[in-house]
$ cat query_34.txt   # compact mmCIF, C-alpha atoms and all ligand atoms
# COMPACT_ATOMS: atom_id res chain seq x y z
CA MET A 1 29.44 -77.36 -67.84
CA THR A 2 26.12 -76.47 -66.27
CA LEU A 3 26.10 -73.22 -64.40
CA PRO A 4 24.48 -72.92 -60.99
CA ALA A 5 20.96 -71.47 -61.08
CA PRO A 6 20.81 -67.71 -60.61
CA LEU A 7 20.00 -66.62 -57.07
CA ALA A 8 16.42 -65.46 -56.71
CA PRO A 9 15.49 -62.16 -55.09
CA HIS A 10 15.37 -62.47 -51.27
CA SER A 11 18.56 -64.53 -51.36
CA VAL A 12 21.24 -63.26 -49.03
CA ILE A 13 24.48 -61.84 -50.42
CA GLY A 14 27.25 -62.25 -47.85
CA ILE A 15 29.97 -59.60 -47.96
CA LEU A 16 33.33 -59.78 -46.20
CA GLY A 17 34.25 -56.28 -45.07
CA GLY A 18 32.12 -53.42 -43.82
CA GLY A 19 33.53 -50.29 -45.45
CA GLN A 20 32.11 -47.97 -48.09
CA LEU A 21 32.56 -50.44 -50.94
CA ALA A 22 30.50 -53.00 -49.00
CA LYS A 23 27.93 -50.29 -48.26
CA MET A 24 27.46 -49.48 -51.94
CA LEU A 25 27.30 -53.20 -52.75
CA VAL A 26 24.55 -53.64 -50.15
CA GLN A 27 22.60 -50.76 -51.68
CA ALA A 28 22.94 -52.23 -55.17
CA ALA A 29 21.90 -55.67 -53.90
CA ALA A 30 18.82 -54.13 -52.31
CA GLU A 31 17.86 -52.57 -55.66
CA LEU A 32 17.63 -56.08 -57.09
CA GLY A 33 15.60 -57.41 -54.18
CA PHE A 34 18.44 -59.19 -52.41
CA ARG A 35 19.23 -59.05 -48.74
CA ALA A 36 22.77 -58.59 -47.53
CA ALA A 37 24.79 -59.76 -44.55
CA ILE A 38 28.17 -58.37 -43.57
CA TYR A 39 31.06 -60.14 -41.90
CA SER A 40 33.64 -57.70 -40.63
CA ASP A 41 36.28 -57.46 -37.95
CA ASP A 42 35.22 -53.95 -37.01
CA TRP A 43 32.39 -51.45 -37.26
CA GLY A 44 32.07 -49.93 -40.72
CA PRO A 45 29.52 -47.84 -42.64
CA ALA A 46 28.05 -50.91 -44.40
CA LEU A 47 26.63 -52.01 -41.04
CA ASP A 48 24.22 -49.07 -41.18
CA VAL A 49 22.48 -50.52 -44.25
CA ALA A 50 22.98 -54.30 -44.21
CA GLY A 51 20.13 -56.50 -43.01
CA SER A 52 22.42 -58.35 -40.63
CA HIS A 53 26.04 -58.51 -39.63
CA LEU A 54 28.54 -60.56 -37.70
CA ILE A 55 31.62 -58.98 -36.18
CA GLY A 56 34.61 -61.17 -35.54
CA PRO A 57 38.15 -61.87 -36.58
CA TYR A 58 38.44 -63.22 -40.14
CA GLU A 59 40.30 -66.21 -38.70
CA ASN A 60 37.40 -67.24 -36.41
CA LEU A 61 36.26 -70.37 -38.23
CA ALA A 62 33.24 -70.99 -36.01
CA ARG A 63 31.94 -67.48 -36.71
CA LEU A 64 32.61 -67.95 -40.40
CA ASP A 65 30.55 -71.16 -40.26
CA GLU A 66 27.72 -69.19 -38.72
CA PHE A 67 28.04 -66.64 -41.52
CA ALA A 68 28.11 -69.35 -44.21
CA ARG A 69 24.84 -70.76 -42.89
CA ALA A 70 23.18 -67.35 -43.11
CA VAL A 71 24.08 -66.47 -46.71
CA ASP A 72 23.60 -67.86 -50.24
CA VAL A 73 26.84 -66.56 -51.74
CA VAL A 74 29.91 -64.78 -50.40
CA THR A 75 31.82 -61.93 -51.97
CA TYR A 76 34.25 -59.38 -50.54
CA GLU A 77 35.04 -55.68 -50.68
CA PHE A 78 38.77 -55.82 -50.06
CA GLU A 79 41.64 -58.03 -51.12
CA ASN A 80 43.18 -58.56 -47.71
CA VAL A 81 40.61 -61.07 -46.54
CA PRO A 82 42.78 -63.94 -45.27
CA VAL A 83 42.86 -66.63 -47.96
CA VAL A 84 42.21 -69.28 -45.29
CA ALA A 85 38.92 -67.54 -44.45
CA ALA A 86 37.86 -67.48 -48.11
CA GLU A 87 38.88 -71.12 -48.56
CA HIS A 88 37.04 -72.15 -45.40
CA LEU A 89 33.89 -70.41 -46.60
CA ALA A 90 34.29 -71.82 -50.13
CA ARG A 91 33.90 -75.35 -48.74
CA ARG A 92 30.46 -74.36 -47.46
CA VAL A 93 29.05 -71.79 -49.87
CA ALA A 94 30.04 -70.28 -53.24
CA VAL A 95 32.70 -67.56 -52.88
CA ARG A 96 32.88 -65.23 -55.87
CA PRO A 97 35.39 -64.15 -57.02
CA GLY A 98 37.14 -67.34 -55.88
CA PRO A 99 40.04 -67.53 -53.41
CA GLN A 100 42.54 -67.73 -56.28
CA ALA A 101 42.00 -64.04 -57.10
CA LEU A 102 42.72 -63.15 -53.48
CA ARG A 103 45.85 -65.26 -53.43
CA VAL A 104 47.22 -63.43 -56.47
CA ALA A 105 46.18 -59.91 -55.47
CA GLN A 106 47.40 -60.14 -51.88
CA ASP A 107 51.07 -60.35 -52.64
CA ARG A 108 52.65 -57.87 -55.06
CA SER A 109 55.43 -60.29 -56.03
CA VAL A 110 52.95 -63.04 -56.87
CA GLU A 111 50.68 -60.54 -58.63
CA LYS A 112 53.41 -59.09 -60.82
CA ALA A 113 54.82 -62.50 -61.69
CA PHE A 114 51.30 -63.71 -62.55
CA ILE A 115 50.57 -60.76 -64.84
CA ALA A 116 54.00 -60.85 -66.48
CA GLY A 117 53.49 -64.60 -66.93
CA LEU A 118 50.48 -63.83 -69.11
CA GLY A 119 52.76 -61.84 -71.39
CA ILE A 120 51.37 -58.53 -70.12
CA PRO A 121 53.96 -55.78 -69.48
CA VAL A 122 54.46 -54.55 -65.90
CA ALA A 123 56.96 -52.07 -64.47
CA PRO A 124 60.42 -53.61 -64.04
CA PHE A 125 60.59 -55.02 -60.52
CA VAL A 126 62.66 -57.13 -58.20
CA ALA A 127 61.57 -58.84 -54.98
CA VAL A 128 63.28 -57.74 -51.76
CA ARG A 129 62.23 -60.39 -49.26
CA GLU A 130 64.90 -59.90 -46.63
CA ALA A 131 67.89 -57.72 -45.85
CA SER A 132 70.21 -60.12 -47.66
CA ASP A 133 68.35 -59.34 -50.93
CA VAL A 134 69.11 -55.62 -50.71
CA ALA A 135 72.52 -55.66 -52.39
CA ALA A 136 71.31 -57.59 -55.46
CA ALA A 137 68.17 -55.45 -55.71
CA ALA A 138 70.25 -52.27 -55.51
CA ALA A 139 72.39 -53.58 -58.38
CA THR A 140 69.26 -54.28 -60.42
CA MET A 141 68.05 -50.77 -59.68
CA ALA A 142 71.39 -49.31 -60.80
CA GLY A 143 70.73 -50.96 -64.17
CA TRP A 144 67.38 -49.18 -64.46
CA GLN A 145 69.11 -45.80 -64.15
CA SER A 146 65.98 -44.44 -62.58
CA PRO A 147 64.52 -43.71 -59.17
CA ALA A 148 62.42 -46.54 -57.76
CA ILE A 149 59.59 -47.22 -55.34
CA LEU A 150 59.77 -49.85 -52.64
CA LYS A 151 56.37 -51.36 -51.77
CA THR A 152 55.56 -53.88 -49.08
CA ALA A 153 54.44 -57.10 -50.75
CA ARG A 154 51.36 -57.30 -48.55
CA LEU A 155 48.75 -55.04 -46.96
CA GLY A 156 49.46 -51.81 -48.83
CA TYR A 157 46.62 -49.50 -49.85
CA ASP A 158 46.23 -45.82 -50.65
CA GLY A 159 50.00 -45.55 -51.01
CA LYS A 160 50.64 -46.89 -47.51
CA GLY A 161 53.59 -49.22 -47.17
CA GLN A 162 55.59 -47.45 -49.89
CA ALA A 163 58.87 -45.57 -49.91
CA ARG A 164 60.58 -43.62 -52.65
CA VAL A 165 64.14 -44.72 -53.36
CA ALA A 166 66.06 -41.98 -55.16
CA VAL A 167 69.35 -43.84 -55.61
CA PRO A 168 70.39 -47.48 -55.05
CA GLY A 169 72.34 -46.49 -51.94
CA ASP A 170 69.07 -45.49 -50.25
CA LEU A 171 67.51 -48.93 -50.58
CA ALA A 172 68.78 -50.46 -47.33
CA ALA A 173 67.39 -47.58 -45.26
CA ALA A 174 64.08 -47.67 -47.15
CA PHE A 175 63.75 -51.41 -46.55
CA ALA A 176 64.42 -50.97 -42.84
CA GLY A 177 62.01 -48.01 -42.76
CA LEU A 178 59.18 -50.22 -44.02
CA GLY A 179 59.88 -52.68 -41.22
CA SER A 180 62.14 -55.11 -43.10
CA VAL A 181 59.09 -57.02 -44.33
CA PRO A 182 58.99 -58.70 -47.77
CA ALA A 183 58.73 -56.01 -50.41
CA VAL A 184 58.96 -55.32 -54.12
CA LEU A 185 61.23 -52.70 -55.64
CA GLU A 186 59.77 -51.15 -58.77
CA ARG A 187 61.25 -48.82 -61.31
CA ARG A 188 59.54 -45.44 -61.09
CA ILE A 189 57.57 -45.05 -64.29
CA ASP A 190 57.44 -41.71 -66.03
CA PHE A 191 53.89 -42.19 -67.26
CA ALA A 192 51.75 -39.74 -69.23
CA PHE A 193 48.80 -40.54 -66.96
CA GLU A 194 47.11 -43.40 -65.16
CA ILE A 195 44.04 -45.31 -66.27
CA SER A 196 42.08 -48.27 -65.01
CA VAL A 197 39.83 -50.84 -66.55
CA ILE A 198 36.73 -51.72 -64.58
CA GLY A 199 35.66 -55.04 -66.03
CA VAL A 200 32.94 -57.42 -64.97
CA ARG A 201 32.95 -61.12 -65.77
CA ALA A 202 29.86 -63.30 -65.48
CA GLN A 203 29.74 -66.95 -64.48
CA ASP A 204 29.38 -67.97 -68.13
CA GLY A 205 32.68 -66.23 -68.91
CA SER A 206 31.18 -63.24 -70.68
CA LEU A 207 33.01 -60.00 -70.00
CA ALA A 208 31.99 -56.36 -70.18
CA CYS A 209 34.10 -53.28 -69.46
CA TYR A 210 33.08 -49.78 -68.50
CA ASP A 211 34.66 -46.91 -70.38
CA VAL A 212 38.22 -46.42 -69.23
CA PRO A 213 38.75 -43.57 -66.74
CA ARG A 214 41.84 -41.39 -66.46
CA ASN A 215 42.98 -41.36 -62.83
CA THR A 216 44.92 -38.81 -60.85
CA HIS A 217 46.58 -39.67 -57.56
CA GLU A 218 47.86 -37.38 -54.82
CA GLY A 219 50.11 -38.73 -52.13
CA GLY A 220 49.33 -42.28 -53.26
CA ILE A 221 45.55 -41.74 -52.88
CA LEU A 222 43.12 -41.59 -55.78
CA ARG A 223 42.07 -37.95 -56.26
CA SER A 224 39.90 -38.09 -59.35
CA SER A 225 38.67 -40.29 -62.19
CA VAL A 226 37.54 -38.78 -65.47
CA VAL A 227 35.72 -40.34 -68.45
CA PRO A 228 36.40 -40.23 -71.29
CA ALA A 229 40.14 -40.60 -70.70
CA GLY A 230 41.10 -39.35 -74.16
CA LEU A 231 42.86 -42.54 -75.22
CA SER A 232 43.18 -43.55 -78.85
CA ALA A 233 40.84 -46.34 -79.93
CA ALA A 234 43.80 -48.72 -80.27
CA ILE A 235 45.10 -48.16 -76.73
CA ASP A 236 41.59 -48.28 -75.33
CA ALA A 237 41.05 -51.66 -76.98
CA ARG A 238 44.41 -52.89 -75.74
CA ALA A 239 43.60 -51.88 -72.15
CA ARG A 240 40.31 -53.78 -72.25
CA ASP A 241 41.99 -56.80 -73.80
CA VAL A 242 44.58 -56.87 -71.00
CA ALA A 243 41.87 -56.76 -68.34
CA GLY A 244 39.93 -59.51 -70.10
CA ARG A 245 42.98 -61.76 -70.27
CA ILE A 246 43.65 -61.32 -66.56
CA ALA A 247 40.00 -61.99 -65.68
CA SER A 248 39.92 -65.14 -67.82
CA ALA A 249 43.19 -66.44 -66.42
CA LEU A 250 41.74 -66.11 -62.90
CA ASP A 251 38.43 -67.69 -64.00
CA TYR A 252 37.07 -64.57 -62.39
CA VAL A 253 33.48 -63.77 -61.43
CA GLY A 254 32.50 -60.20 -60.52
CA VAL A 255 34.04 -56.77 -60.99
CA LEU A 256 37.81 -56.57 -61.40
CA GLY A 257 39.77 -53.32 -61.34
CA VAL A 258 43.02 -53.24 -63.32
CA GLU A 259 45.21 -50.19 -62.69
CA MET A 260 47.56 -49.23 -65.51
CA PHE A 261 50.18 -46.66 -66.39
CA TYR A 262 49.80 -45.09 -69.82
CA LEU A 263 53.19 -44.08 -71.24
CA GLY A 264 52.03 -42.49 -74.50
CA ASP A 265 51.30 -43.99 -77.90
CA LYS A 266 54.92 -43.67 -79.00
CA SER A 267 56.26 -45.83 -76.19
CA THR A 268 57.23 -49.41 -77.04
CA THR A 269 55.11 -50.43 -74.03
CA PRO A 270 52.27 -47.88 -73.99
CA LEU A 271 50.52 -49.68 -71.13
CA LEU A 272 51.99 -51.23 -67.99
CA VAL A 273 49.76 -52.93 -65.46
CA ASN A 274 50.33 -51.48 -61.99
CA GLU A 275 48.10 -53.74 -59.92
CA ILE A 276 44.77 -55.51 -59.88
CA ALA A 277 41.95 -55.15 -57.39
CA PRO A 278 39.68 -58.21 -57.14
CA ARG A 279 36.67 -56.12 -56.21
CA VAL A 280 34.71 -53.02 -57.11
CA HIS A 281 37.13 -50.15 -57.50
CA ASN A 282 37.25 -46.50 -56.45
CA SER A 283 37.98 -45.42 -60.02
CA GLY A 284 34.60 -46.91 -61.01
CA HIS A 285 32.47 -44.89 -58.61
CA TRP A 286 31.35 -42.55 -61.40
CA THR A 287 29.38 -45.49 -62.86
CA MET A 288 26.79 -44.93 -60.12
CA ASP A 289 25.78 -41.65 -61.75
CA ALA A 290 26.92 -41.87 -65.37
CA CYS A 291 25.69 -45.38 -66.22
CA ALA A 292 22.31 -47.07 -66.04
CA VAL A 293 23.95 -50.03 -64.28
CA SER A 294 26.76 -49.25 -61.83
CA GLN A 295 29.83 -51.35 -61.12
CA PHE A 296 28.17 -52.29 -57.81
CA GLU A 297 25.01 -53.62 -59.47
CA ASN A 298 27.05 -55.49 -62.06
CA HIS A 299 29.18 -57.07 -59.34
CA ILE A 300 26.04 -58.26 -57.56
CA ARG A 301 24.58 -59.51 -60.85
CA ALA A 302 27.73 -61.50 -61.58
CA VAL A 303 28.08 -63.10 -58.15
CA ALA A 304 24.36 -63.93 -58.12
CA GLY A 305 24.65 -65.65 -61.50
CA TRP A 306 22.50 -63.10 -63.29
CA PRO A 307 23.15 -61.79 -66.77
CA LEU A 308 25.36 -58.70 -66.76
CA GLY A 309 23.73 -55.33 -67.10
CA THR A 310 24.86 -52.75 -69.62
CA THR A 311 28.16 -51.00 -68.98
CA ALA A 312 27.23 -48.17 -71.34
CA ARG A 313 27.79 -44.62 -70.15
CA HIS A 314 25.16 -41.96 -70.79
CA SER A 315 27.21 -38.97 -69.59
CA ASN A 316 30.74 -37.73 -69.30
CA ALA A 317 31.82 -37.76 -65.69
CA GLU A 318 34.42 -36.51 -63.27
CA MET A 319 34.56 -38.24 -59.89
CA ARG A 320 36.48 -36.65 -57.04
CA ASN A 321 37.09 -38.29 -53.70
CA LEU A 322 36.28 -36.40 -50.52
CA ILE A 323 39.27 -37.11 -48.33
CA GLY A 324 39.47 -36.37 -44.62
CA HIS A 325 37.95 -33.02 -43.70
CA GLU A 326 37.01 -32.20 -47.30
CA ALA A 327 33.70 -33.87 -46.51
CA ASP A 328 33.04 -31.20 -43.86
CA ALA A 329 32.11 -28.97 -46.81
CA TRP A 330 28.96 -31.04 -47.33
CA PRO A 331 26.58 -28.07 -47.02
CA ALA A 332 28.21 -26.35 -50.01
CA LEU A 333 28.57 -29.61 -51.91
CA ALA A 334 24.92 -30.41 -51.30
CA ALA A 335 23.95 -26.97 -52.61
CA ASP A 336 25.88 -27.46 -55.87
CA ARG A 337 23.24 -28.77 -58.24
CA ASP A 338 25.81 -29.98 -60.74
CA LEU A 339 27.23 -32.49 -58.29
CA CYS A 340 26.05 -35.96 -57.34
CA LEU A 341 27.04 -36.24 -53.68
CA HIS A 342 27.86 -39.51 -51.94
CA LEU A 343 28.80 -39.50 -48.27
CA TYR A 344 29.80 -42.79 -46.69
CA GLY A 345 28.64 -42.08 -43.14
CA LYS A 346 31.98 -42.76 -41.49
CA ARG A 347 31.91 -41.50 -37.95
CA GLU A 348 35.27 -39.81 -37.84
CA ALA A 349 37.15 -37.84 -40.52
CA ARG A 350 40.77 -38.84 -40.28
CA GLN A 351 43.52 -37.50 -42.50
CA GLY A 352 43.76 -39.49 -45.72
CA ARG A 353 40.47 -41.29 -45.09
CA LYS A 354 37.98 -41.54 -47.93
CA MET A 355 34.78 -39.98 -46.55
CA GLY A 356 32.74 -39.75 -49.72
CA HIS A 357 32.90 -38.71 -53.35
CA VAL A 358 31.24 -36.31 -55.75
CA THR A 359 30.55 -36.85 -59.43
CA ARG A 360 30.07 -34.03 -61.88
CA LEU A 361 28.19 -35.06 -65.01
CA ALA A 362 28.26 -33.41 -68.42
CA PRO A 363 26.42 -34.33 -71.61
CA ARG A 364 28.18 -37.14 -73.41
CA GLY A 365 30.23 -35.95 -76.34
CA PRO A 366 30.06 -37.51 -79.78
P1 LIG A 401 45.75 -47.88 -54.04
O1 LIG A 401 45.14 -48.50 -52.88
O2 LIG A 401 45.39 -46.41 -54.18
O3 LIG A 401 45.56 -48.60 -55.34
P2 LIG A 401 48.34 -48.89 -53.39
O4 LIG A 401 48.81 -48.59 -52.04
O5 LIG A 401 47.84 -50.24 -53.69
O6 LIG A 401 47.31 -47.81 -53.81
P3 LIG A 401 49.84 -48.54 -55.85
O7 LIG A 401 48.61 -48.61 -56.67
O8 LIG A 401 50.90 -49.52 -56.14
O9 LIG A 401 49.56 -48.58 -54.30
O10 LIG A 401 50.48 -47.08 -55.95
C1 LIG A 401 49.70 -45.94 -55.67
C2 LIG A 401 50.07 -44.85 -56.68
O11 LIG A 401 51.46 -44.51 -56.58
C3 LIG A 401 49.88 -45.26 -58.13
O12 LIG A 401 48.54 -45.14 -58.54
C4 LIG A 401 50.83 -44.27 -58.82
O13 LIG A 401 50.27 -42.98 -58.86
C5 LIG A 401 52.00 -44.25 -57.87
N1 LIG A 401 52.94 -45.32 -58.26
C6 LIG A 401 52.96 -46.57 -57.83
N2 LIG A 401 53.93 -47.31 -58.42
C7 LIG A 401 54.56 -46.48 -59.28
C8 LIG A 401 55.65 -46.63 -60.20
N3 LIG A 401 56.29 -47.78 -60.33
N4 LIG A 401 56.00 -45.56 -60.92
C9 LIG A 401 55.38 -44.35 -60.78
N5 LIG A 401 54.36 -44.15 -59.93
C10 LIG A 401 53.93 -45.19 -59.19
MG MG A 402 46.81 -48.86 -56.68
$ encode --input "query_34.txt" --output "structure tokens" --more "lines below"
Ligand code: ATP
Ligand code: MG
Amino acid sequence: MTLPAPLAPHSVIGILGGGQLAKMLVQAAAELGFRAAIYSDDWGPALDVAGSHLIGPYENLARLDEFARAVDVVTYEFENVPVVAAEHLARRVAVRPGPQALRVAQDRSVEKAFIAGLGIPVAPFVAVREASDVAAAAATMAGWQSPAILKTARLGYDGKGQARVAVPGDLAAAFAGLGSVPAVLERRIDFAFEISVIGVRAQDGSLACYDVPRNTHEGGILRSSVVPAGLSAAIDARARDVAGRIASALDYVGVLGVEMFYLGDKSTTPLLVNEIAPRVHNSGHWTMDACAVSQFENHIRAVAGWPLGTTARHSNAEMRNLIGHEADAWPALAADRDLCLHLYGKREARQGRKMGHVTRLAPRGP
């Protein structure tokens, strides 16, 4: 198979979505001499830095055609791009990662079945598509002898679209509370901590992974990511292997985030995959400061058909998100010389909104 020629500098990277991930992708693209164009359905911080943008609904095929004519490749910053939009674009211009990754990541039932189908352990789950599924799902949950979490199959992020289910008898009310939309009931996992693998796969199939961060969530939102995570070499290797198998199975190009629960080395299933993100990932933001080549640059390299850059880490790092009004403390954060400060330039600080992040570096241990 001959691979397409790498895109030359000055080529235009088209990005679907205009949020902070797109903004950091635009900045990384610019570092390599590319231009960037955004397609988004709303204003977002990426519009402040992109060379051009189009605003329109993702279903507006005529606007998408206009976008396709203006760019040399298309990528995306979020997994809820309608698959029809990605497929429409893919008939006109290369879309990387391809629409298949979107199709899998957009629906938790499909995603979990896909991952389990690769022989990779996931949390026990059962689909709850409609009210008539509730009784059987509650019986399944009774067998788990554990609390559970009900998650909408589509459009969840930052813990939105989720409800805790303490006992099977609470399931019907939880399902109604989420709007009676198709959902997945998952056993609540008593993990030791959470990790993620930030992998990048090139067009020639080569794969590189950043060091695995340990992630802490609060209220369903990522609070912090720390490297090194303190995993044993065996578990670390297993986590990378799992991410690589998922990326290969999707014939993936670009950065892929794979969120996992770590249950401890003594567990029969030390790692369970929680979900995948077919894009650059919040738990990889520390790579901007602790690595010579960030996840954003490596994503751009991959989608442009360039060789991957190093994923090596030169420092230990702790990344903390600035959520809502936490970013109002920017004068103090800016004065802290141990912090690398990143503010996204969002116009309004709403509760639960990611406004920026800070990374604290420390010399890399042995
Ligand atoms: P994000 O956008 O932050 O990735 P999300 O809305 O897609 O979040 P999940 O990743 O499924 O949702 O869940 C968010 C967090 O809730 C997880 O990182 C974890 O801390 C907790 N959580 C989710 N599912 C489970 C589970 N089965 N057992 C225990 N905790 C869970
Ligand atoms: Mg998640």
$ residues_near_ligand --input "query_34.txt" --ligand "ligand MG 402 (chain A)" --cutoff "9 Å" --atoms "only C-alpha atoms and all ligand atoms" --output "list in words"
Gly156, Tyr157, Asp158, Gly159, Gly220, Ile221, Leu222, Val258, Glu259, Met260, Asn274, Glu275, Ile276 and Ala277 of chain A
$ residues_near_ligand --input "query_34.txt" --ligand "ligand LIG 401 (chain A)" --cutoff "9 Å" --atoms "all atoms listed in the file" --output "VMD selection string"
chain A and resid 108 122 to 125 147 to 151 155 to 162 185 to 191 193 to 195 215 to 222 259 to 261 274 to 277 281 to 282
$ write_last_selection --input "query_34.txt" --atoms "C-alpha atoms" --output "PDB file, keeping the file's coordinate frame"
ATOM      1  CA  ARG A 108      52.650 -57.870 -55.060  1.00  0.00           C
ATOM      2  CA  VAL A 122      54.460 -54.550 -65.900  1.00  0.00           C
ATOM      3  CA  ALA A 123      56.960 -52.070 -64.470  1.00  0.00           C
ATOM      4  CA  PRO A 124      60.420 -53.610 -64.040  1.00  0.00           C
ATOM      5  CA  PHE A 125      60.590 -55.020 -60.520  1.00  0.00           C
ATOM      6  CA  PRO A 147      64.520 -43.710 -59.170  1.00  0.00           C
ATOM      7  CA  ALA A 148      62.420 -46.540 -57.760  1.00  0.00           C
ATOM      8  CA  ILE A 149      59.590 -47.220 -55.340  1.00  0.00           C
ATOM      9  CA  LEU A 150      59.770 -49.850 -52.640  1.00  0.00           C
ATOM     10  CA  LYS A 151      56.370 -51.360 -51.770  1.00  0.00           C
ATOM     11  CA  LEU A 155      48.750 -55.040 -46.960  1.00  0.00           C
ATOM     12  CA  GLY A 156      49.460 -51.810 -48.830  1.00  0.00           C
ATOM     13  CA  TYR A 157      46.620 -49.500 -49.850  1.00  0.00           C
ATOM     14  CA  ASP A 158      46.230 -45.820 -50.650  1.00  0.00           C
ATOM     15  CA  GLY A 159      50.000 -45.550 -51.010  1.00  0.00           C
ATOM     16  CA  LYS A 160      50.640 -46.890 -47.510  1.00  0.00           C
ATOM     17  CA  GLY A 161      53.590 -49.220 -47.170  1.00  0.00           C
ATOM     18  CA  GLN A 162      55.590 -47.450 -49.890  1.00  0.00           C
ATOM     19  CA  LEU A 185      61.230 -52.700 -55.640  1.00  0.00           C
ATOM     20  CA  GLU A 186      59.770 -51.150 -58.770  1.00  0.00           C
ATOM     21  CA  ARG A 187      61.250 -48.820 -61.310  1.00  0.00           C
ATOM     22  CA  ARG A 188      59.540 -45.440 -61.090  1.00  0.00           C
ATOM     23  CA  ILE A 189      57.570 -45.050 -64.290  1.00  0.00           C
ATOM     24  CA  ASP A 190      57.440 -41.710 -66.030  1.00  0.00           C
ATOM     25  CA  PHE A 191      53.890 -42.190 -67.260  1.00  0.00           C
ATOM     26  CA  PHE A 193      48.800 -40.540 -66.960  1.00  0.00           C
ATOM     27  CA  GLU A 194      47.110 -43.400 -65.160  1.00  0.00           C
ATOM     28  CA  ILE A 195      44.040 -45.310 -66.270  1.00  0.00           C
ATOM     29  CA  ASN A 215      42.980 -41.360 -62.830  1.00  0.00           C
ATOM     30  CA  THR A 216      44.920 -38.810 -60.850  1.00  0.00           C
ATOM     31  CA  HIS A 217      46.580 -39.670 -57.560  1.00  0.00           C
ATOM     32  CA  GLU A 218      47.860 -37.380 -54.820  1.00  0.00           C
ATOM     33  CA  GLY A 219      50.110 -38.730 -52.130  1.00  0.00           C
ATOM     34  CA  GLY A 220      49.330 -42.280 -53.260  1.00  0.00           C
ATOM     35  CA  ILE A 221      45.550 -41.740 -52.880  1.00  0.00           C
ATOM     36  CA  LEU A 222      43.120 -41.590 -55.780  1.00  0.00           C
ATOM     37  CA  GLU A 259      45.210 -50.190 -62.690  1.00  0.00           C
ATOM     38  CA  MET A 260      47.560 -49.230 -65.510  1.00  0.00           C
ATOM     39  CA  PHE A 261      50.180 -46.660 -66.390  1.00  0.00           C
ATOM     40  CA  ASN A 274      50.330 -51.480 -61.990  1.00  0.00           C
ATOM     41  CA  GLU A 275      48.100 -53.740 -59.920  1.00  0.00           C
ATOM     42  CA  ILE A 276      44.770 -55.510 -59.880  1.00  0.00           C
ATOM     43  CA  ALA A 277      41.950 -55.150 -57.390  1.00  0.00           C
ATOM     44  CA  HIS A 281      37.130 -50.150 -57.500  1.00  0.00           C
ATOM     45  CA  ASN A 282      37.250 -46.500 -56.450  1.00  0.00           C
TER      46      ASN A 282
END
$ residues_near_point --input "query_34.txt" --point "(25.8, -57.0, -60.4)" --cutoff "12 Å" --atoms "only C-alpha atoms" --output "MDAnalysis selection string"
chainID A and resid 6:7 13 24:34 75 96 199:203 208 253:255 279:280 292:311
$ residues_around --input "query_34.txt" --residues "stretch 338-348 of chain A" --least-positions-apart "6" --cutoff "7 Å" --atoms "only C-alpha atoms" --output "PyMOL selection string"
chain A and resi 20+45+355-360
$ write_last_selection --input "query_34.txt" --atoms "C-alpha atoms" --output "mmCIF file, in the frame of the given file"
data_model
loop_
_atom_site.group_PDB
_atom_site.id
_atom_site.type_symbol
_atom_site.label_atom_id
_atom_site.label_comp_id
_atom_site.auth_asym_id
_atom_site.auth_seq_id
_atom_site.Cartn_x
_atom_site.Cartn_y
_atom_site.Cartn_z
ATOM 1 C CA GLN A 20 32.110 -47.970 -48.090
ATOM 2 C CA PRO A 45 29.520 -47.840 -42.640
ATOM 3 C CA MET A 355 34.780 -39.980 -46.550
ATOM 4 C CA GLY A 356 32.740 -39.750 -49.720
ATOM 5 C CA HIS A 357 32.900 -38.710 -53.350
ATOM 6 C CA VAL A 358 31.240 -36.310 -55.750
ATOM 7 C CA THR A 359 30.550 -36.850 -59.430
ATOM 8 C CA ARG A 360 30.070 -34.030 -61.880
#
$ residues_near_point --input "query_34.txt" --point "(29.7, -35.3, -71.9)" --cutoff "12 Å" --atoms "only C-alpha atoms" --output "VMD selection string"
chain A and resid 226 to 229 290 313 to 318 360 to 366
$ atom_distance --input "query_34.txt" --atom1 "atom CA of A:Ile235" --atom2 "atom CA of A:Met288"
24.9 Å
$ atom_distance --input "query_34.txt" --atom1 "atom CA of A:Trp286" --atom2 "atom CA of A:Val104"
26.7 Å
